[in-house]
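Note: the block below is work30.csv and it holds CSV, C-alpha atoms.
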```
chain,number,residue,atom,x,y,z
A,663,MET,CA,93.3,90.4,-61.9
A,664,THR,CA,96.2,88.0,-62.9
A,665,ARG,CA,98.7,89.8,-65.1
A,666,LEU,CA,101.1,88.0,-67.4
A,667,TYR,CA,104.2,89.7,-68.6
A,668,ALA,CA,105.4,88.1,-71.8
A,669,CYS,CA,107.1,88.6,-75.2
A,670,PRO,CA,105.9,87.3,-78.5
A,671,GLY,CA,107.3,84.1,-79.9
A,672,SER,CA,108.6,82.7,-76.6
A,673,GLY,CA,107.9,79.0,-75.8
A,674,ASN,CA,108.2,79.7,-72.1
A,675,CYS,CA,105.7,82.7,-72.3
A,676,PHE,CA,103.4,80.5,-74.3
A,677,LYS,CA,102.9,77.9,-71.5
A,678,PRO,CA,101.1,80.0,-68.9
A,679,TRP,CA,99.3,82.0,-71.7
A,680,LEU,CA,97.9,78.8,-73.2
A,681,ALA,CA,96.8,77.4,-69.8
A,682,LEU,CA,95.0,80.7,-68.9
A,683,ASN,CA,93.2,80.6,-72.3
A,684,GLN,CA,92.3,76.9,-72.2
A,685,LEU,CA,90.9,77.2,-68.6
A,686,GLY,CA,89.0,80.4,-69.5
A,687,LYS,CA,90.6,82.2,-66.5
A,688,PRO,CA,90.5,86.0,-66.7
A,689,PHE,CA,93.9,87.7,-67.1
A,690,GLU,CA,95.5,90.6,-68.7
A,691,MET,CA,98.8,90.8,-70.5
A,692,ALA,CA,101.6,93.2,-70.6
A,693,MET,CA,104.1,92.8,-73.5
A,694,VAL,CA,107.8,93.3,-72.8
A,695,ASP,CA,110.0,93.9,-75.8
A,696,VAL,CA,112.9,91.6,-75.1
A,697,LEU,CA,114.6,92.1,-78.4
A,698,ALA,CA,114.9,95.8,-77.5
A,699,GLY,CA,116.1,95.0,-73.9
A,700,GLU,CA,112.9,96.2,-72.2
A,701,GLN,CA,113.2,93.4,-69.6
A,702,LYS,CA,116.1,95.5,-68.1
A,703,SER,CA,114.2,98.8,-68.1
A,704,GLN,CA,113.5,100.5,-64.9
A,705,TRP,CA,109.7,100.0,-65.0
A,706,PHE,CA,110.0,96.2,-65.5
A,707,MET,CA,112.9,95.8,-63.0
A,708,GLU,CA,110.5,97.2,-60.4
A,709,ILE,CA,108.1,94.5,-61.2
A,710,ASN,CA,110.6,91.6,-61.6
A,711,PRO,CA,114.1,92.4,-60.3
A,712,ASP,CA,115.3,89.2,-62.1
A,713,CYS,CA,114.6,91.0,-65.4
A,714,VAL,CA,113.1,88.0,-67.2
A,715,VAL,CA,109.8,87.0,-68.9
A,716,PRO,CA,107.5,85.3,-68.5
A,717,TYR,CA,106.5,86.7,-65.1
A,718,LEU,CA,103.1,86.4,-63.5
A,719,VAL,CA,101.6,88.7,-60.9
A,720,THR,CA,98.5,87.3,-59.2
A,721,GLY,CA,95.4,89.2,-58.4
A,722,SER,CA,96.7,89.8,-54.9
A,723,GLY,CA,99.9,91.2,-56.2
A,724,GLU,CA,102.2,88.2,-55.6
A,725,GLY,CA,104.9,87.7,-58.2
A,726,LEU,CA,106.0,84.4,-59.7
A,727,GLY,CA,108.8,83.4,-62.1
A,728,GLU,CA,109.7,80.2,-64.0
A,729,SER,CA,107.2,79.2,-66.7
A,730,ASN,CA,106.5,75.7,-65.3
A,731,ALA,CA,105.9,77.1,-61.8
A,732,MET,CA,103.4,79.6,-63.2
A,733,LEU,CA,101.7,76.8,-65.2
A,734,TRP,CA,101.4,74.8,-62.0
A,735,HIS,CA,99.8,77.7,-60.1
A,736,ILE,CA,97.3,78.4,-63.0
A,737,ALA,CA,96.4,74.7,-63.4
A,738,GLU,CA,96.3,73.5,-59.8
A,739,ASP,CA,92.5,73.6,-59.3
A,740,SER,CA,91.6,72.5,-62.8
A,741,PHE,CA,91.2,69.4,-65.0
A,742,LEU,CA,94.8,70.0,-66.2
A,743,MET,CA,96.1,68.8,-62.8
A,744,PRO,CA,96.4,65.1,-62.0
A,745,GLN,CA,94.1,64.1,-59.2
A,746,ASN,CA,96.5,62.0,-57.1
A,747,SER,CA,100.0,62.5,-55.7
A,748,TYR,CA,101.8,60.1,-58.0
A,749,GLY,CA,100.2,61.7,-61.0
A,750,ARG,CA,101.3,65.1,-59.9
A,751,ALA,CA,104.8,63.9,-59.3
A,752,ARG,CA,104.8,62.2,-62.7
A,753,ALA,CA,103.8,65.5,-64.3
A,754,LEU,CA,106.6,67.3,-62.5
A,755,GLN,CA,109.0,64.6,-63.6
A,756,TRP,CA,108.3,65.5,-67.3
A,757,MET,CA,108.3,69.2,-66.5
A,758,PHE,CA,111.8,69.0,-65.0
A,759,PHE,CA,112.9,66.8,-67.9
A,760,GLU,CA,111.7,69.5,-70.3
A,761,GLN,CA,113.7,72.2,-68.5
A,762,SER,CA,116.9,70.1,-68.5
A,763,LYS,CA,116.8,68.0,-71.6
A,764,LEU,CA,114.9,70.1,-74.2
A,765,GLU,CA,114.4,73.8,-73.4
A,766,PRO,CA,118.1,74.6,-72.9
A,767,PHE,CA,118.9,73.3,-76.4
A,768,ILE,CA,115.8,73.9,-78.5
A,769,SER,CA,115.4,77.5,-77.2
A,770,PRO,CA,118.8,79.0,-78.1
A,771,ALA,CA,119.1,77.0,-81.4
A,772,ARG,CA,115.7,78.4,-82.4
A,773,PHE,CA,116.6,81.9,-81.2
A,774,PHE,CA,119.7,82.1,-83.5
A,775,THR,CA,118.1,80.2,-86.3
A,776,THR,CA,114.7,81.8,-86.5
A,777,ILE,CA,114.1,84.7,-84.1
A,778,LEU,CA,117.4,86.5,-84.7
A,779,PRO,CA,118.9,84.8,-87.8
A,780,ALA,CA,121.4,87.7,-88.4
A,781,GLU,CA,123.8,85.8,-86.1
A,782,LYS,CA,123.1,82.4,-87.6
A,783,GLU,CA,126.4,82.0,-89.4
A,784,LYS,CA,128.5,83.4,-86.6
A,785,ARG,CA,126.8,81.0,-84.2
A,786,ARG,CA,126.8,78.0,-86.4
A,787,LYS,CA,129.0,75.8,-84.2
A,788,ASN,CA,126.9,76.7,-81.1
A,789,ILE,CA,123.7,76.0,-83.0
A,790,GLU,CA,124.9,72.6,-84.1
A,791,GLY,CA,125.9,71.8,-80.6
A,792,TRP,CA,122.4,72.6,-79.3
A,793,GLN,CA,120.8,70.6,-82.1
A,794,THR,CA,122.8,67.6,-81.2
A,795,ALA,CA,122.2,68.0,-77.5
A,796,ALA,CA,118.4,68.1,-78.1
A,797,ARG,CA,118.3,64.7,-79.8
A,798,PRO,CA,118.4,62.4,-76.7
A,799,GLY,CA,115.4,64.3,-75.2
A,800,LEU,CA,113.5,64.1,-78.4
A,801,ASP,CA,114.3,60.4,-78.8
A,802,ARG,CA,112.9,59.9,-75.3
A,803,LEU,CA,109.7,61.6,-76.2
A,804,GLU,CA,109.4,59.6,-79.4
A,805,THR,CA,109.6,56.4,-77.4
A,806,HIS,CA,107.0,57.7,-75.0
A,807,PHE,CA,104.5,59.0,-77.6
A,808,ALA,CA,104.8,55.7,-79.5
A,809,ALA,CA,103.0,54.1,-76.5
A,810,HIS,CA,101.0,57.0,-75.0
A,811,GLN,CA,98.7,59.6,-76.4
A,812,PHE,CA,99.7,62.3,-73.9
A,813,MET,CA,102.5,62.8,-71.4
A,814,LEU,CA,100.5,61.2,-68.6
A,815,GLY,CA,98.7,58.6,-70.8
A,816,GLU,CA,95.2,59.3,-72.0
A,817,ALA,CA,94.5,62.6,-70.3
A,818,TYR,CA,95.8,66.0,-71.5
A,819,SER,CA,97.5,67.7,-68.6
A,820,VAL,CA,99.7,70.5,-67.4
A,821,ALA,CA,102.7,68.3,-68.4
A,822,ASP,CA,101.6,68.4,-72.1
A,823,ILE,CA,101.5,72.2,-72.1
A,824,ALA,CA,105.0,72.4,-70.5
A,825,LEU,CA,106.5,70.1,-73.1
A,826,PHE,CA,104.6,71.5,-76.0
A,827,GLY,CA,106.0,75.0,-75.4
A,828,TYR,CA,109.3,74.3,-77.1
A,829,VAL,CA,108.8,70.9,-78.7
A,830,HIS,CA,106.2,72.1,-81.1
A,831,VAL,CA,108.7,74.7,-82.5
A,832,THR,CA,111.6,72.2,-82.8
A,833,GLU,CA,111.8,72.7,-86.6
A,834,GLU,CA,112.3,76.4,-86.1
A,835,ALA,CA,115.5,75.3,-84.3
A,836,GLY,CA,116.7,73.6,-87.5
A,837,ILE,CA,115.9,70.1,-86.2
A,838,SER,CA,113.6,68.1,-88.6
A,839,LEU,CA,110.8,66.2,-87.0
A,840,ASP,CA,110.9,63.6,-89.8
A,841,ASP,CA,112.5,61.1,-87.4
A,842,TYR,CA,109.8,61.8,-84.8
A,843,PRO,CA,106.4,60.7,-86.2
A,844,SER,CA,104.9,60.1,-82.8
A,845,VAL,CA,106.0,63.5,-81.5
A,846,GLN,CA,104.4,65.0,-84.6
A,847,ARG,CA,101.2,63.0,-83.9
A,848,TRP,CA,101.2,64.4,-80.3
A,849,ILE,CA,101.7,68.0,-81.5
A,850,GLY,CA,98.6,67.5,-83.7
A,851,ASP,CA,96.6,66.1,-80.7
A,852,VAL,CA,97.6,69.0,-78.4
A,853,SER,CA,96.7,71.5,-81.1
A,854,ASN,CA,93.2,69.9,-81.3
A,855,THR,CA,92.4,70.2,-77.6
A,856,PRO,CA,89.5,72.5,-76.7
A,857,GLY,CA,90.3,76.1,-76.5
A,858,PHE,CA,93.8,75.7,-78.0
A,859,ARG,CA,95.4,78.9,-79.4
A,860,PRO,CA,98.6,78.9,-81.4
A,861,LEU,CA,101.8,80.6,-80.3
A,862,SER,CA,101.4,83.1,-83.3
A,863,GLU,CA,98.5,84.7,-81.4
A,864,LEU,CA,100.4,85.4,-78.2
A,865,GLY,CA,100.6,89.1,-77.8
A,866,LEU,CA,98.0,90.1,-80.3
A,867,SER,CA,96.1,93.2,-79.3
A,868,ALA,CA,93.1,91.4,-77.8
A,869,ASP,CA,95.4,90.1,-75.0
A,870,ARG,CA,97.1,93.4,-74.2
A,871,ALA,CA,96.5,95.1,-70.9
A,872,ALA,CA,95.5,98.7,-71.3
B,662,MET,CA,107.6,49.8,-49.2
B,663,THR,CA,109.1,52.8,-51.0
B,664,ARG,CA,112.5,52.0,-52.5
B,665,LEU,CA,115.1,54.6,-53.4
B,666,TYR,CA,117.8,53.7,-56.0
B,667,ALA,CA,120.8,55.9,-55.4
B,668,CYS,CA,124.6,56.3,-55.5
B,669,PRO,CA,126.8,57.8,-52.7
B,670,GLY,CA,127.9,61.4,-52.9
B,671,SER,CA,125.2,62.6,-55.4
B,672,GLY,CA,123.4,65.8,-54.5
B,673,ASN,CA,120.4,64.7,-56.6
B,674,CYS,CA,120.2,61.4,-54.7
B,675,PHE,CA,120.6,63.2,-51.4
B,676,LYS,CA,117.3,65.2,-51.9
B,677,PRO,CA,114.7,62.4,-51.7
B,678,TRP,CA,116.9,60.6,-49.1
B,679,LEU,CA,117.0,63.6,-46.8
B,680,ALA,CA,113.3,64.2,-47.1
B,681,LEU,CA,112.4,60.5,-46.3
B,682,ASN,CA,114.7,60.7,-43.3
B,683,GLN,CA,113.4,64.0,-42.0
B,684,LEU,CA,109.8,62.9,-42.4
B,685,GLY,CA,110.5,59.6,-40.7
B,686,LYS,CA,108.9,57.7,-43.7
B,687,PRO,CA,109.8,54.0,-44.0
B,688,PHE,CA,111.9,53.2,-47.1
B,689,GLU,CA,114.6,51.0,-48.2
B,690,MET,CA,117.6,51.8,-50.4
B,691,ALA,CA,119.4,50.0,-53.2
B,692,MET,CA,122.8,51.4,-54.1
B,693,VAL,CA,123.8,51.6,-57.8
B,694,ASP,CA,127.5,51.9,-58.5
B,695,VAL,CA,127.4,54.6,-61.1
B,696,LEU,CA,131.2,55.0,-61.3
B,697,ALA,CA,131.3,51.3,-62.4
B,698,GLY,CA,128.5,51.9,-64.9
B,699,GLU,CA,125.9,49.8,-63.0
B,700,GLN,CA,123.1,52.2,-64.0
B,701,LYS,CA,123.4,50.6,-67.5
B,702,SER,CA,123.3,47.0,-66.2
B,703,GLN,CA,120.5,44.7,-67.2
B,704,TRP,CA,119.1,44.5,-63.7
B,705,PHE,CA,118.8,48.3,-63.3
B,706,MET,CA,117.6,48.9,-66.9
B,707,GLU,CA,114.7,46.7,-66.2
B,708,ILE,CA,113.8,48.9,-63.2
B,709,ASN,CA,114.5,52.3,-64.9
B,710,PRO,CA,115.0,52.1,-68.7
B,711,ASP,CA,116.3,55.7,-68.5
B,712,CYS,CA,119.4,54.3,-66.7
B,713,VAL,CA,119.8,57.1,-64.2
B,714,VAL,CA,119.7,57.5,-60.4
B,715,PRO,CA,118.1,58.7,-58.2
B,716,TYR,CA,115.0,56.6,-59.1
B,717,LEU,CA,112.1,56.0,-56.7
B,718,VAL,CA,109.7,53.1,-56.8
B,719,THR,CA,106.6,53.6,-54.6
B,720,GLY,CA,105.1,50.9,-52.4
B,721,SER,CA,102.6,50.2,-55.2
B,722,GLY,CA,105.4,49.7,-57.7
B,723,GLU,CA,105.1,53.0,-59.6
B,724,GLY,CA,108.4,54.4,-60.8
B,725,LEU,CA,109.5,58.0,-60.6
B,726,GLY,CA,112.5,59.9,-62.0
B,727,GLU,CA,113.9,63.4,-61.5
B,728,SER,CA,115.0,64.3,-57.9
B,729,ASN,CA,112.8,67.3,-57.5
B,730,ALA,CA,109.7,65.4,-58.6
B,731,MET,CA,110.5,62.6,-56.1
B,732,LEU,CA,111.0,65.2,-53.4
B,733,TRP,CA,107.5,66.7,-54.2
B,734,HIS,CA,105.9,63.2,-54.0
B,735,ILE,CA,107.6,62.4,-50.7
B,736,ALA,CA,106.8,65.8,-49.1
B,737,GLU,CA,103.3,66.4,-50.5
B,738,ASP,CA,101.3,65.5,-47.3
B,739,SER,CA,103.9,66.9,-44.9
B,740,PHE,CA,105.0,70.1,-43.1
B,741,LEU,CA,107.6,70.5,-45.9
B,742,MET,CA,104.9,71.4,-48.4
B,743,PRO,CA,103.5,75.0,-48.4
B,744,GLN,CA,99.8,75.1,-47.5
B,745,ASN,CA,98.5,77.3,-50.3
B,746,SER,CA,98.7,77.4,-54.1
B,747,TYR,CA,101.0,80.4,-54.3
B,748,GLY,CA,103.4,78.9,-51.8
B,749,ARG,CA,103.6,75.7,-53.7
B,750,ALA,CA,104.2,77.5,-57.0
B,751,ARG,CA,106.9,79.6,-55.3
B,752,ALA,CA,108.6,76.4,-54.1
B,753,LEU,CA,108.5,75.1,-57.6
B,754,GLN,CA,109.9,78.4,-58.9
B,755,TRP,CA,113.0,77.9,-56.8
B,756,MET,CA,113.2,74.2,-57.7
B,757,PHE,CA,113.1,74.9,-61.4
B,758,PHE,CA,115.7,77.7,-60.8
B,759,GLU,CA,117.9,75.1,-59.1
B,760,GLN,CA,117.8,72.7,-62.0
B,761,SER,CA,118.6,75.4,-64.6
B,762,LYS,CA,120.9,77.9,-62.8
B,763,LEU,CA,122.8,75.8,-60.3
B,764,GLU,CA,122.8,72.0,-60.7
B,765,PRO,CA,123.9,71.9,-64.4
B,766,PHE,CA,127.1,73.8,-63.4
B,767,ILE,CA,127.9,72.8,-59.7
B,768,SER,CA,127.3,69.1,-60.4
B,769,PRO,CA,129.8,68.6,-63.3
B,770,ALA,CA,132.4,71.0,-61.8
B,771,ARG,CA,132.2,69.0,-58.6
B,772,PHE,CA,132.3,65.7,-60.4
B,773,PHE,CA,135.6,66.4,-62.1
B,774,THR,CA,137.1,68.4,-59.2
B,775,THR,CA,136.3,66.1,-56.3
B,776,ILE,CA,134.5,62.9,-57.3
B,777,LEU,CA,136.8,61.9,-60.2
B,778,PRO,CA,139.7,64.3,-59.9
B,779,ALA,CA,141.9,62.1,-62.2
B,780,GLU,CA,140.5,64.1,-65.2
B,781,LYS,CA,140.8,67.5,-63.4
B,782,GLU,CA,143.6,68.8,-65.5
B,783,LYS,CA,142.2,67.5,-68.8
B,784,ARG,CA,138.9,69.2,-68.0
B,785,ARG,CA,140.3,72.4,-66.6
B,786,LYS,CA,138.7,74.6,-69.3
B,787,ASN,CA,135.2,73.0,-68.8
B,788,ILE,CA,135.5,73.2,-65.1
B,789,GLU,CA,136.3,76.9,-65.2
B,790,GLY,CA,133.3,77.4,-67.5
B,791,TRP,CA,131.0,75.7,-65.1
B,792,GLN,CA,132.4,77.6,-62.1
B,793,THR,CA,131.7,80.9,-63.9
B,794,ALA,CA,128.3,79.8,-65.0
B,795,ALA,CA,127.3,78.9,-61.4
B,796,ARG,CA,128.0,82.5,-60.1
B,797,PRO,CA,124.8,84.3,-61.2
B,798,GLY,CA,122.7,81.6,-59.5
B,799,LEU,CA,124.8,81.8,-56.3
B,800,ASP,CA,124.6,85.6,-56.4
B,801,ARG,CA,120.8,85.4,-56.7
B,802,LEU,CA,120.7,83.1,-53.6
B,803,GLU,CA,123.0,85.4,-51.7
B,804,THR,CA,120.6,88.3,-52.3
B,805,HIS,CA,117.7,86.1,-51.2
B,806,PHE,CA,119.3,84.8,-48.1
B,807,ALA,CA,120.4,88.2,-47.0
B,808,ALA,CA,116.7,89.0,-46.5
B,809,HIS,CA,115.1,85.6,-45.8
B,810,GLN,CA,116.0,82.7,-43.5
B,811,PHE,CA,114.8,80.0,-45.8
B,812,MET,CA,113.8,79.7,-49.5
B,813,LEU,CA,110.1,80.5,-48.7
B,814,GLY,CA,110.8,82.9,-45.8
B,815,GLU,CA,110.6,81.7,-42.2
B,816,ALA,CA,109.5,78.1,-42.8
B,817,TYR,CA,111.9,75.3,-43.9
B,818,SER,CA,110.3,73.5,-46.9
B,819,VAL,CA,110.7,71.2,-49.8
B,820,ALA,CA,112.4,74.0,-51.7
B,821,ASP,CA,115.3,74.2,-49.2
B,822,ILE,CA,116.0,70.5,-49.6
B,823,ALA,CA,116.0,70.9,-53.4
B,824,LEU,CA,118.5,73.8,-53.3
B,825,PHE,CA,120.6,72.4,-50.5
B,826,GLY,CA,121.5,69.2,-52.5
B,827,TYR,CA,124.1,70.9,-54.6
B,828,VAL,CA,124.6,74.3,-53.0
B,829,HIS,CA,126.0,72.8,-49.8
B,830,VAL,CA,128.8,71.1,-51.8
B,831,THR,CA,129.6,74.2,-53.9
B,832,GLU,CA,133.1,74.3,-52.4
B,833,GLU,CA,133.7,70.7,-53.7
B,834,ALA,CA,133.2,72.2,-57.2
B,835,GLY,CA,136.1,74.6,-56.5
B,836,ILE,CA,134.0,77.6,-55.9
B,837,SER,CA,134.7,79.4,-52.6
B,838,LEU,CA,131.7,80.4,-50.5
B,839,ASP,CA,133.7,83.3,-49.0
B,840,ASP,CA,131.7,85.7,-51.2
B,841,TYR,CA,128.4,84.2,-50.0
B,842,PRO,CA,128.1,84.7,-46.3
B,843,SER,CA,124.3,84.5,-46.3
B,844,VAL,CA,124.4,81.3,-48.3
B,845,GLN,CA,126.8,79.9,-45.7
B,846,ARG,CA,124.4,81.0,-42.9
B,847,TRP,CA,121.5,79.2,-44.6
B,848,ILE,CA,123.6,76.0,-45.1
B,849,GLY,CA,124.1,76.0,-41.3
B,850,ASP,CA,120.4,76.6,-40.6
B,851,VAL,CA,119.4,73.7,-42.9
B,852,SER,CA,122.0,71.4,-41.3
B,853,ASN,CA,120.4,72.2,-37.9
B,854,THR,CA,116.8,71.3,-38.8
B,855,PRO,CA,115.3,68.3,-36.9
B,856,GLY,CA,116.3,64.9,-38.3
B,857,PHE,CA,119.0,66.3,-40.6
B,858,ARG,CA,121.5,63.8,-41.9
B,859,PRO,CA,124.6,64.7,-43.9
B,860,LEU,CA,125.3,63.6,-47.5
B,861,SER,CA,128.3,61.6,-46.2
B,862,GLU,CA,125.8,59.1,-44.6
B,863,LEU,CA,123.9,58.4,-47.8
B,864,GLY,CA,124.4,54.8,-48.6
B,865,LEU,CA,125.9,53.6,-45.3
B,866,SER,CA,124.9,50.1,-44.4
B,867,ALA,CA,121.9,51.0,-42.2
B,868,ASP,CA,120.1,52.3,-45.3
B,869,ARG,CA,120.7,49.4,-47.6
B,870,ALA,CA,118.0,47.1,-48.8
B,871,ALA,CA,118.6,43.5,-48.1
```
Could you quickly redo this structure as structure tokens?
Amino acid sequence: MTRLYACPGSGNCFKPWLALNQLGKPFEMAMVDVLAGEQKSQWFMEINPDCVVPYLVTGSGEGLGESNAMLWHIAEDSFLMPQNSYGRARALQWMFFEQSKLEPFISPARFFTTILPAEKEKRRKNIEGWQTAARPGLDRLETHFAAHQFMLGEAYSVADIALFGYVHVTEEAGISLDDYPSVQRWIGDVSNTPGFRPLSELGLSADRAA
Amino acid sequence: MTRLYACPGSGNCFKPWLALNQLGKPFEMAMVDVLAGEQKSQWFMEINPDCVVPYLVTGSGEGLGESNAMLWHIAEDSFLMPQNSYGRARALQWMFFEQSKLEPFISPARFFTTILPAEKEKRRKNIEGWQTAARPGLDRLETHFAAHQFMLGEAYSVADIALFGYVHVTEEAGISLDDYPSVQRWIGDVSNTPGFRPLSELGLSADRAA
């Protein structure tokens, strides 16, 4: 069975987890305590020598890193995947945009603002830099969502899950979404798709592998 | 006909250009003078409101940004694309790795070291930061290529082109490849694949659109 190694609260871990849930695919989870450094433990290093989560191991034992690559693999034969080559490339365009213009800034700003706030004061200058750097990407999304319901237009897809991972927790990075009403509308629309489960449920006991 | 908007010397522009060449797909090019700010000109803004190259417009007039997404679209029906879902996801894993662990560091270090060296002294501290940040990604590749001929093993694929774009010009970023013999071996192997053309030929007159 597909096994997903993940930690609670992570926008990157959330992506493959949400797709597996929304597609009703059987999987088991193994939680890795990243705040305690468990990703560098011997047992996990033997599974993923790169020592990062999320990490996916397929039913036939093949390992896969990078949240958006996992998402692609999980969604490839489903309604989440665009049905023509241009649509698939367009989905990837947004997924690469997410990893270069949003995740590198929202993720660390959120980490030191909300996940590990003990270092918030010490990191203030870094945090402000990340918050500023996230704005052009959010501006781009606001323009997009003012004209389109979802990333690829009218159909919810793999690209929405990839973008949603960090964009829906932007305020936990100390960036108000008041200037982004269309982004807020889209967050609500994704949250109302069939089978949606919130990030707060990632890692609850029902998901855990034995 | 497919039209590729590009500028000379860019590792990102090189990726779709090399794939189009190696697959023998008909295309025309339009050069955008980025050093002169032409990507923000009215004529180009009407084509790509995001004002960046590379940018691809398909034969049916559909636009596409992000070098690795273009590469996917160009390669999808070819020998460059893995034939099963896990292989495709594995290719994407490396392509996302490239955009987060290599390109963001090699590209600006190279820009201020080789493309626009006038600012080299002024940017010394930034350049050193990017050079340091590129090392973990290069170390990871060295480990990989010590055990595998290409990114996905024995077969040259879309992932090799994505990684090659910036990795083959690492020394132009002021980072010696002396510590990376397996990466050097791979650069040689990619350069010897059928139909390979070097970055120095991108934008020569034969490619230009009328």
Quiz item: Just how far from atom CA of B:Glu759 is atom CA of A:Gln745, in Å to one decimal?
Solution: 26.2 Å
Exercise. For stretch 708-711 of chain A, please output as a count of residues only all residues within 8 Å (counting only C-alpha atoms; exclusion window: fewer than 4 positions along the same chain).
Key: 3
Exercise. To one decimal in Å, tell me the separation between atom CA of B:Tyr666 and atom CA of B:Gly726.
Key: 10.1 Å
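One finds atom CA of B:Tyr747 at 21.5 Å from atom CA of A:Asp822.
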Leaving out stretch 848-855 of chain B and any residue of its chain fewer than 4 positions from it, which residues lie within 12 Å of it when counting all atoms listed in the file, given as a CSV table (one decimal) with C-alpha atoms, in the coordinates of the input?
```
chain,number,residue,atom,x,y,z
B,679,LEU,CA,117.0,63.6,-46.8
B,680,ALA,CA,113.3,64.2,-47.1
B,682,ASN,CA,114.7,60.7,-43.3
B,683,GLN,CA,113.4,64.0,-42.0
B,684,LEU,CA,109.8,62.9,-42.4
B,685,GLY,CA,110.5,59.6,-40.7
B,741,LEU,CA,107.6,70.5,-45.9
B,802,LEU,CA,120.7,83.1,-53.6
B,803,GLU,CA,123.0,85.4,-51.7
B,806,PHE,CA,119.3,84.8,-48.1
B,809,HIS,CA,115.1,85.6,-45.8
B,810,GLN,CA,116.0,82.7,-43.5
B,811,PHE,CA,114.8,80.0,-45.8
B,812,MET,CA,113.8,79.7,-49.5
B,815,GLU,CA,110.6,81.7,-42.2
B,816,ALA,CA,109.5,78.1,-42.8
B,817,TYR,CA,111.9,75.3,-43.9
B,818,SER,CA,110.3,73.5,-46.9
B,819,VAL,CA,110.7,71.2,-49.8
B,820,ALA,CA,112.4,74.0,-51.7
B,821,ASP,CA,115.3,74.2,-49.2
B,822,ILE,CA,116.0,70.5,-49.6
B,823,ALA,CA,116.0,70.9,-53.4
B,824,LEU,CA,118.5,73.8,-53.3
B,825,PHE,CA,120.6,72.4,-50.5
B,826,GLY,CA,121.5,69.2,-52.5
B,827,TYR,CA,124.1,70.9,-54.6
B,828,VAL,CA,124.6,74.3,-53.0
B,829,HIS,CA,126.0,72.8,-49.8
B,830,VAL,CA,128.8,71.1,-51.8
B,831,THR,CA,129.6,74.2,-53.9
B,838,LEU,CA,131.7,80.4,-50.5
B,841,TYR,CA,128.4,84.2,-50.0
B,842,PRO,CA,128.1,84.7,-46.3
B,843,SER,CA,124.3,84.5,-46.3
B,844,VAL,CA,124.4,81.3,-48.3
B,859,PRO,CA,124.6,64.7,-43.9
B,860,LEU,CA,125.3,63.6,-47.5
```
Counting all atoms listed in the file, which residues from chain B have an atom at most 6 Å from any atom of chain A, and could you show them as a PDB file with C-alpha atoms, in the frame of the given file?
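File written: out05.pdb
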```pdb
ATOM      1  CA  GLU B 727     113.900  63.400 -61.500  1.00  0.00           C
ATOM      2  CA  ALA B 730     109.700  65.400 -58.600  1.00  0.00           C
ATOM      3  CA  HIS B 734     105.900  63.200 -54.000  1.00  0.00           C
ATOM      4  CA  ALA B 750     104.200  77.500 -57.000  1.00  0.00           C
ATOM      5  CA  LEU B 753     108.500  75.100 -57.600  1.00  0.00           C
ATOM      6  CA  GLN B 754     109.900  78.400 -58.900  1.00  0.00           C
TER       7      GLN B 754
END
```
